[in-house]
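Okay, work_1.cif is below, mmCIF, C-alpha atoms:
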data_upload
loop_
_atom_site.label_atom_id
_atom_site.label_comp_id
_atom_site.auth_asym_id
_atom_site.auth_seq_id
_atom_site.Cartn_x
_atom_site.Cartn_y
_atom_site.Cartn_z
CA MET Z 2 11.51 29.62 -42.65
CA LYS Z 3 12.41 31.91 -39.73
CA TYR Z 4 11.70 28.97 -37.34
CA ILE Z 5 14.50 27.05 -39.03
CA HIS Z 6 16.95 29.85 -38.13
CA TYR Z 7 15.81 29.66 -34.48
CA TYR Z 8 16.21 25.88 -34.54
CA ILE Z 9 19.71 26.13 -36.04
CA ALA Z 10 20.70 28.80 -33.48
CA ILE Z 11 19.49 26.61 -30.60
CA LEU Z 12 21.28 23.59 -32.05
CA ILE Z 13 24.56 25.49 -32.44
CA GLY Z 14 24.24 26.87 -28.91
CA ALA Z 15 23.66 23.39 -27.51
CA LEU Z 16 26.66 22.00 -29.39
CA LEU Z 17 28.94 24.79 -28.22
CA SER Z 18 27.87 24.47 -24.61
CA SER Z 19 28.33 20.71 -24.65
CA CYS Z 20 31.82 21.03 -26.12
CA GLY Z 21 32.83 23.39 -23.34
CA SER Z 22 31.42 21.20 -20.61
CA SER Z 23 33.51 18.18 -21.54
CA ASN Z 24 36.67 20.07 -20.62
CA SER Z 25 35.48 21.09 -17.16
CA PRO Z 26 34.44 18.59 -14.52
CA SER Z 27 30.79 18.51 -13.64
CA PRO Z 28 29.60 17.95 -10.07
CA GLN Z 29 28.91 14.32 -11.01
CA THR Z 30 32.48 13.69 -12.15
CA SER Z 31 34.17 15.60 -9.31
CA GLN Z 32 34.01 12.40 -7.21
CA GLU Z 33 35.96 10.40 -9.80
CA THR Z 34 39.53 9.40 -9.06
CA SER Z 35 42.16 11.92 -10.07
CA PRO Z 36 44.98 10.74 -12.36
CA GLU Z 37 47.40 10.92 -9.42
CA THR Z 38 45.15 8.78 -7.20
CA ALA Z 39 44.55 6.31 -10.02
CA GLN Z 40 48.31 5.91 -10.50
CA GLU Z 41 48.82 5.40 -6.75
CA THR Z 42 46.06 2.74 -6.67
CA ALA Z 43 47.48 1.01 -9.75
CA ALA Z 44 50.97 1.07 -8.20
CA VAL Z 45 49.66 -0.70 -5.08
CA PHE Z 46 48.42 -3.69 -7.10
CA ASP Z 47 51.26 -6.04 -8.00
CA LEU Z 48 50.31 -8.51 -10.73
CA ASN Z 49 53.37 -10.69 -10.05
CA GLU Z 50 52.43 -10.96 -6.40
CA ALA Z 51 48.83 -11.78 -7.35
CA ALA Z 52 50.09 -14.40 -9.83
CA GLY Z 53 52.00 -16.12 -7.01
CA ILE Z 54 48.89 -16.17 -4.83
CA ILE Z 55 46.77 -17.58 -7.68
CA GLN Z 56 49.39 -20.25 -8.42
CA LYS Z 57 49.39 -21.42 -4.79
CA LYS Z 58 45.59 -21.49 -4.72
CA THR Z 59 45.51 -23.41 -8.01
CA ASN Z 60 47.94 -26.00 -6.65
CA LYS Z 61 45.78 -26.45 -3.54
CA PHE Z 62 42.64 -26.55 -5.72
CA THR Z 63 43.93 -29.39 -7.91
CA ALA Z 64 45.32 -31.29 -4.90
CA ALA Z 65 41.96 -30.95 -3.13
CA HIS Z 66 40.32 -32.90 -5.97
CA ILE Z 67 42.69 -35.80 -5.32
CA THR Z 68 42.43 -35.70 -1.51
CA LYS Z 69 38.64 -35.21 -1.68
CA ASP Z 70 38.85 -31.98 0.30
CA THR Z 71 35.43 -30.65 -0.70
CA ALA Z 72 35.52 -27.98 2.02
CA TYR Z 73 38.55 -26.39 0.36
CA LEU Z 74 37.03 -26.81 -3.10
CA ASN Z 75 33.75 -25.22 -2.10
CA ASN Z 76 35.47 -22.28 -0.43
CA SER Z 77 37.56 -21.71 -3.55
CA PHE Z 78 34.46 -20.22 -5.19
CA THR Z 79 32.59 -17.00 -4.50
CA LYS Z 80 29.05 -17.28 -3.16
CA ASP Z 81 27.60 -16.41 -6.58
CA ALA Z 82 30.20 -18.22 -8.72
CA ARG Z 83 29.38 -19.80 -12.07
CA VAL Z 84 30.89 -23.04 -13.36
CA PHE Z 85 30.53 -24.09 -16.98
CA PRO Z 86 31.38 -27.80 -17.24
CA PRO Z 87 31.68 -29.38 -20.69
CA ASN Z 88 28.53 -30.88 -22.18
CA ALA Z 89 26.37 -29.71 -19.27
CA GLU Z 90 24.33 -26.79 -18.04
CA ALA Z 91 25.97 -24.02 -16.05
CA VAL Z 92 26.13 -24.53 -12.29
CA VAL Z 93 25.49 -21.32 -10.36
CA GLY Z 94 26.11 -20.57 -6.70
CA ARG Z 95 28.40 -22.11 -4.13
CA SER Z 96 25.80 -24.59 -2.83
CA ASP Z 97 25.17 -26.09 -6.30
CA ILE Z 98 28.89 -26.05 -7.07
CA ALA Z 99 29.40 -27.95 -3.80
CA GLN Z 100 27.29 -30.81 -5.17
CA LEU Z 101 29.31 -30.80 -8.39
CA ASN Z 102 32.51 -31.01 -6.31
CA VAL Z 103 31.15 -33.97 -4.33
CA ASP Z 104 30.26 -35.75 -7.58
CA TRP Z 105 33.74 -35.15 -9.02
CA VAL Z 106 35.72 -36.31 -6.02
CA ASN Z 107 33.50 -39.37 -5.50
CA TYR Z 108 34.04 -40.31 -9.12
CA GLY Z 109 37.73 -40.55 -8.33
CA VAL Z 110 40.37 -38.05 -9.36
CA TYR Z 111 43.86 -39.59 -9.32
CA GLU Z 112 45.89 -36.88 -11.03
CA PHE Z 113 44.99 -33.28 -11.72
CA THR Z 114 47.26 -30.42 -12.72
CA GLU Z 115 46.55 -26.99 -14.12
CA LYS Z 116 49.26 -24.99 -15.83
CA SER Z 117 48.66 -21.29 -16.30
CA THR Z 118 49.59 -20.02 -19.75
CA ALA Z 119 48.42 -16.42 -19.23
CA LEU Z 120 47.36 -14.37 -16.25
CA TYR Z 121 46.17 -10.81 -16.58
CA GLY Z 122 43.85 -8.38 -14.87
CA ASN Z 123 43.80 -5.88 -12.04
CA GLN Z 124 42.91 -5.58 -8.37
CA GLU Z 125 39.25 -6.39 -9.15
CA TYR Z 126 39.52 -9.38 -11.51
CA LEU Z 127 42.26 -11.76 -12.58
CA ILE Z 128 41.85 -13.97 -15.62
CA ASP Z 129 43.85 -17.19 -15.56
CA GLU Z 130 44.04 -19.08 -18.86
CA GLY Z 131 45.74 -22.41 -18.98
CA THR Z 132 45.83 -26.11 -19.72
CA TYR Z 133 44.98 -29.08 -17.56
CA TYR Z 134 45.77 -32.77 -17.26
CA LEU Z 135 43.29 -35.03 -15.50
CA ARG Z 136 43.23 -38.77 -14.74
CA TYR Z 137 40.03 -40.00 -13.17
CA GLY Z 138 37.41 -42.76 -12.85
CA ASP Z 139 37.45 -46.55 -12.70
CA GLU Z 140 38.90 -46.78 -16.22
CA ASN Z 141 41.71 -44.33 -15.44
CA THR Z 142 40.39 -41.96 -18.09
CA ILE Z 143 42.88 -39.33 -19.15
CA ASP Z 144 41.73 -35.92 -20.25
CA GLN Z 145 43.72 -32.94 -21.40
CA GLY Z 146 42.28 -29.57 -22.22
CA LYS Z 147 42.13 -25.90 -21.49
CA TYR Z 148 40.46 -23.73 -18.86
CA ILE Z 149 39.70 -20.16 -17.90
CA ASN Z 150 39.30 -19.16 -14.26
CA ILE Z 151 38.17 -15.66 -13.41
CA TRP Z 152 39.21 -14.68 -9.90
CA THR Z 153 37.89 -11.88 -7.73
CA GLN Z 154 38.31 -10.97 -4.10
CA GLU Z 155 35.61 -11.90 -1.64
CA ASN Z 156 36.25 -10.60 1.88
CA GLY Z 157 39.88 -9.92 0.92
CA ASP Z 158 40.53 -13.45 -0.38
CA TRP Z 159 40.99 -14.34 -4.06
CA LYS Z 160 38.27 -16.79 -5.14
CA ILE Z 161 37.01 -18.17 -8.43
CA CYS Z 162 33.90 -16.37 -9.64
CA SER Z 163 33.74 -18.05 -13.06
CA ASN Z 164 35.26 -21.31 -14.29
CA ILE Z 165 35.06 -23.04 -17.65
CA TRP Z 166 37.02 -25.94 -19.10
CA ASN Z 167 36.85 -28.24 -22.07
CA SER Z 168 38.77 -31.14 -23.48
CA ASN Z 169 41.20 -31.11 -26.36
CA LEU Z 170 40.35 -34.77 -27.01
CA PRO Z 171 37.77 -35.71 -29.62
CA LEU Z 172 34.40 -37.02 -28.45
#
File written out as structure tokens:
Amino acid sequence: MKYIHYYIAILIGALLSSCGSSNSPSPQTSQETSPETAQETAAVFDLNEAAGIIQKKTNKFTAAHITKDTAYLNNSFTKDARVFPPNAEAVVGRSDIAQLNVDWVNYGVYEFTEKSTALYGNQEYLIDEGTYYLRYGDENTIDQGKYINIWTQENGDWKICSNIWNSNLPL
């Protein structure tokens, strides 16, 4: 029975010491960003400016499908990007995505537009949600659907690190 009292005393002591330590920074947290620095960093990032950059890149991206500019398409993705095409396995890495781009442009893309419906994020990642219109192939197939592009900076340049799209049309 007296061991229970020792156990309870140790438990209470541990709880009290842990409560006190959460209010004072430990050596591990002293390297974290202060609230003032975090506000300064957040103030530097301008989402509206980033949205303009992403819109220009999106316009070039869709035009590159029509003009068969695979160099631009390939460089629109990060080295370790992931693409999730409809009804297919994921394609991972710029070199495999390059083959997917060659297949798409050789199939024939005649019209392609993406319209952003929401863009949000921060200086590390931007998420672009939107809709697309696509006319392609020998039969002039028309597809309309939605997409999500996740953008991140690679060597100071915004690039797509993850891309998924699917049709609104029934199979």
Q: In Å, rounded to a single decimal, give me how far atom CA of Z:Ala119 is from atom CA of Z:Gln154.
A: 19.0 Å
Q: Go through Z:Ala52, Z:Ile98, Z:Leu127, Z:Ala72 one by one, measure the shortest atom-to-atom distance of each to Z:Val84 using all atoms listed in the file, and give the residue with the smallest value.
A: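 For Z:Val84, the nearest of the candidates is Z:Ile98.
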Using all atoms listed in the file, I'd like a table of the residues in stretch 70-94 of chain Z that come within 10 Å of stretch 59-63 of chain Z; for each, show the closest atom pair and its distance in Å rounded to one decimal, ordered by chain and ascending number, as CSV.
residue,atom,partner,partner_atom,distance
Z:Asp70,CA,Z:Phe62,CA,8.9
Z:Thr71,CA,Z:Phe62,CA,9.7
Z:Tyr73,CA,Z:Phe62,CA,7.3
Z:Leu74,CA,Z:Phe62,CA,6.2
Z:Asn75,CA,Z:Phe62,CA,9.7
Z:Asn76,CA,Z:Phe62,CA,9.9
Z:Ser77,CA,Z:Phe62,CA,7.3
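The spacing separating atom CA of Z:Val106 from atom CA of Z:Ile67 amounts to 7.0 Å.
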Give me the result of the PyMOL selection byres ((chain Z and resi 153) around 12) on this file, residue by residue, as an mmCIF file with C-alpha atoms, in the coordinates of the input.
data_model
loop_
_atom_site.group_PDB
_atom_site.id
_atom_site.type_symbol
_atom_site.label_atom_id
_atom_site.label_comp_id
_atom_site.auth_asym_id
_atom_site.auth_seq_id
_atom_site.Cartn_x
_atom_site.Cartn_y
_atom_site.Cartn_z
ATOM 1 C CA ALA Z 51 48.830 -11.780 -7.350
ATOM 2 C CA ILE Z 55 46.770 -17.580 -7.680
ATOM 3 C CA SER Z 77 37.560 -21.710 -3.550
ATOM 4 C CA PHE Z 78 34.460 -20.220 -5.190
ATOM 5 C CA THR Z 79 32.590 -17.000 -4.500
ATOM 6 C CA LYS Z 80 29.050 -17.280 -3.160
ATOM 7 C CA ASP Z 81 27.600 -16.410 -6.580
ATOM 8 C CA ALA Z 82 30.200 -18.220 -8.720
ATOM 9 C CA GLY Z 122 43.850 -8.380 -14.870
ATOM 10 C CA ASN Z 123 43.800 -5.880 -12.040
ATOM 11 C CA GLN Z 124 42.910 -5.580 -8.370
ATOM 12 C CA GLU Z 125 39.250 -6.390 -9.150
ATOM 13 C CA TYR Z 126 39.520 -9.380 -11.510
ATOM 14 C CA LEU Z 127 42.260 -11.760 -12.580
ATOM 15 C CA ILE Z 128 41.850 -13.970 -15.620
ATOM 16 C CA ASP Z 129 43.850 -17.190 -15.560
ATOM 17 C CA ASN Z 150 39.300 -19.160 -14.260
ATOM 18 C CA ILE Z 151 38.170 -15.660 -13.410
ATOM 19 C CA TRP Z 152 39.210 -14.680 -9.900
ATOM 20 C CA GLN Z 154 38.310 -10.970 -4.100
ATOM 21 C CA GLU Z 155 35.610 -11.900 -1.640
ATOM 22 C CA ASN Z 156 36.250 -10.600 1.880
ATOM 23 C CA GLY Z 157 39.880 -9.920 0.920
ATOM 24 C CA ASP Z 158 40.530 -13.450 -0.380
ATOM 25 C CA TRP Z 159 40.990 -14.340 -4.060
ATOM 26 C CA LYS Z 160 38.270 -16.790 -5.140
ATOM 27 C CA ILE Z 161 37.010 -18.170 -8.430
ATOM 28 C CA CYS Z 162 33.900 -16.370 -9.640
ATOM 29 C CA SER Z 163 33.740 -18.050 -13.060
ATOM 30 C CA ASN Z 164 35.260 -21.310 -14.290
#
(Q) So the first atom is atom CA of Z:Trp105 and the second is atom CA of Z:Asp139; what is the distance between them in Å, to one decimal place? (A)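 Separation of atom CA of Z:Trp105 and atom CA of Z:Asp139: 12.5 Å.
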Q) From the list Z:Thr114, Z:Thr132, Z:Asn88, Z:Ser96, which residue is nearest Z:Lys147 when using all atoms listed in the file? A)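 Answer, going by the shortest atom-to-atom distance: Z:Thr132.
Closest approach to Z:Asp97 among Z:Arg83, Z:Val110, Z:Gly146, Z:Ile54: Z:Arg83, based on all atoms listed in the file.
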Q | Test item: residues at most 12 Å from Z:Asn167, all atoms listed in the file, excluding those fewer than 6 positions along its chain, as a list in words | A | Val84, Phe85, Pro86, Pro87, Asn88, Ala89, Gly131, Thr132, Tyr133, Tyr134, Leu135, Asp144, Gln145, Gly146, Lys147, Tyr148 and Ile149 of chain Z
(Q) Which residue is closest to Z:Gly53? Choose from Z:Glu90, Z:Leu120, Z:Asp104, Z:Tyr111 and count only C-alpha atoms. (A)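 Among the listed residues, Z:Leu120 lies closest to Z:Gly53.
Counting all atoms listed in the file and comparing Z:Arg95, Z:Ile165, Z:Glu130, Z:Asn141, the residue that lies closest to Z:Tyr108 is Z:Asn141.
Comparing Z:Gln100, Z:Thr68, Z:Ser117, Z:Asn107 by their smallest distance to Z:Gln56, the closest is Z:Ser117 (using all atoms listed in the file).
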Reconstruct stretch 52-85 of chain Z at the level of N, CA and C atoms, and format the result as a tab-separated table (two decimals), in the frame of the given file.
chain	number	residue	atom	x	y	z
Z	52	ALA	N	49.86	-13.16	-9.08
Z	52	ALA	CA	50.09	-14.40	-9.83
Z	52	ALA	C	50.62	-15.49	-8.90
Z	53	GLY	N	51.49	-15.14	-7.98
Z	53	GLY	CA	52.00	-16.12	-7.01
Z	53	GLY	C	50.89	-16.65	-6.11
Z	54	ILE	N	50.02	-15.75	-5.67
Z	54	ILE	CA	48.89	-16.17	-4.83
Z	54	ILE	C	47.97	-17.11	-5.60
Z	55	ILE	N	47.66	-16.75	-6.85
Z	55	ILE	CA	46.77	-17.58	-7.68
Z	55	ILE	C	47.40	-18.93	-7.94
Z	56	GLN	N	48.71	-18.98	-8.18
Z	56	GLN	CA	49.39	-20.25	-8.42
Z	56	GLN	C	49.29	-21.17	-7.20
Z	57	LYS	N	49.51	-20.61	-6.02
Z	57	LYS	CA	49.39	-21.42	-4.79
Z	57	LYS	C	47.97	-21.94	-4.61
Z	58	LYS	N	46.99	-21.07	-4.86
Z	58	LYS	CA	45.59	-21.49	-4.72
Z	58	LYS	C	45.24	-22.55	-5.77
Z	59	THR	N	45.76	-22.41	-6.96
Z	59	THR	CA	45.51	-23.41	-8.01
Z	59	THR	C	46.11	-24.75	-7.63
Z	60	ASN	N	47.32	-24.74	-7.09
Z	60	ASN	CA	47.94	-26.00	-6.65
Z	60	ASN	C	47.12	-26.67	-5.56
Z	61	LYS	N	46.62	-25.89	-4.60
Z	61	LYS	CA	45.78	-26.45	-3.54
Z	61	LYS	C	44.45	-26.95	-4.11
Z	62	PHE	N	43.91	-26.21	-5.09
Z	62	PHE	CA	42.64	-26.55	-5.72
Z	62	PHE	C	42.74	-27.92	-6.42
Z	63	THR	N	43.79	-28.12	-7.20
Z	63	THR	CA	43.93	-29.39	-7.91
Z	63	THR	C	44.22	-30.53	-6.93
Z	64	ALA	N	45.04	-30.27	-5.90
Z	64	ALA	CA	45.32	-31.29	-4.90
Z	64	ALA	C	44.06	-31.66	-4.12
Z	65	ALA	N	43.19	-30.69	-3.88
Z	65	ALA	CA	41.96	-30.95	-3.13
Z	65	ALA	C	41.03	-31.90	-3.88
Z	66	HIS	N	41.11	-31.92	-5.20
Z	66	HIS	CA	40.32	-32.90	-5.97
Z	66	HIS	C	40.80	-34.33	-5.68
Z	67	ILE	N	42.10	-34.48	-5.55
Z	67	ILE	CA	42.69	-35.80	-5.32
Z	67	ILE	C	42.45	-36.26	-3.88
Z	68	THR	N	42.59	-35.35	-2.93
Z	68	THR	CA	42.43	-35.70	-1.51
Z	68	THR	C	40.97	-35.64	-1.05
Z	69	LYS	N	40.09	-35.30	-1.95
Z	69	LYS	CA	38.64	-35.21	-1.68
Z	69	LYS	C	38.32	-34.15	-0.61
Z	70	ASP	N	39.05	-33.07	-0.64
Z	70	ASP	CA	38.85	-31.98	0.30
Z	70	ASP	C	37.79	-31.02	-0.26
Z	71	THR	N	36.53	-31.44	-0.14
Z	71	THR	CA	35.43	-30.65	-0.70
Z	71	THR	C	35.26	-29.32	0.04
Z	72	ALA	N	35.62	-29.25	1.30
Z	72	ALA	CA	35.52	-27.98	2.02
Z	72	ALA	C	36.41	-26.94	1.36
Z	73	TYR	N	37.65	-27.32	1.04
Z	73	TYR	CA	38.55	-26.39	0.36
Z	73	TYR	C	38.00	-26.05	-1.03
Z	74	LEU	N	37.57	-27.05	-1.76
Z	74	LEU	CA	37.03	-26.81	-3.10
Z	74	LEU	C	35.87	-25.82	-3.06
Z	75	ASN	N	34.93	-26.07	-2.17
Z	75	ASN	CA	33.75	-25.22	-2.10
Z	75	ASN	C	34.11	-23.78	-1.75
Z	76	ASN	N	35.06	-23.62	-0.83
Z	76	ASN	CA	35.47	-22.28	-0.43
Z	76	ASN	C	36.41	-21.62	-1.42
Z	77	SER	N	36.76	-22.31	-2.49
Z	77	SER	CA	37.56	-21.71	-3.55
Z	77	SER	C	36.71	-20.82	-4.45
Z	78	PHE	N	35.39	-20.95	-4.33
Z	78	PHE	CA	34.46	-20.22	-5.19
Z	78	PHE	C	33.75	-19.12	-4.41
Z	79	THR	N	33.40	-18.04	-5.11
Z	79	THR	CA	32.59	-17.00	-4.50
Z	79	THR	C	31.18	-17.53	-4.29
Z	80	LYS	N	30.42	-16.85	-3.46
Z	80	LYS	CA	29.05	-17.28	-3.16
Z	80	LYS	C	28.18	-17.37	-4.41
Z	81	ASP	N	28.41	-16.46	-5.36
Z	81	ASP	CA	27.60	-16.41	-6.58
Z	81	ASP	C	28.35	-16.91	-7.82
Z	82	ALA	N	29.36	-17.73	-7.61
Z	82	ALA	CA	30.20	-18.22	-8.72
Z	82	ALA	C	29.39	-18.98	-9.76
Z	83	ARG	N	29.97	-19.05	-10.96
Z	83	ARG	CA	29.38	-19.80	-12.07
Z	83	ARG	C	30.43	-20.76	-12.62
Z	84	VAL	N	30.01	-22.01	-12.80
Z	84	VAL	CA	30.89	-23.04	-13.36
Z	84	VAL	C	30.23	-23.55	-14.63
Z	85	PHE	N	31.02	-23.66	-15.68
Z	85	PHE	CA	30.53	-24.09	-16.98
Z	85	PHE	C	31.22	-25.39	-17.40
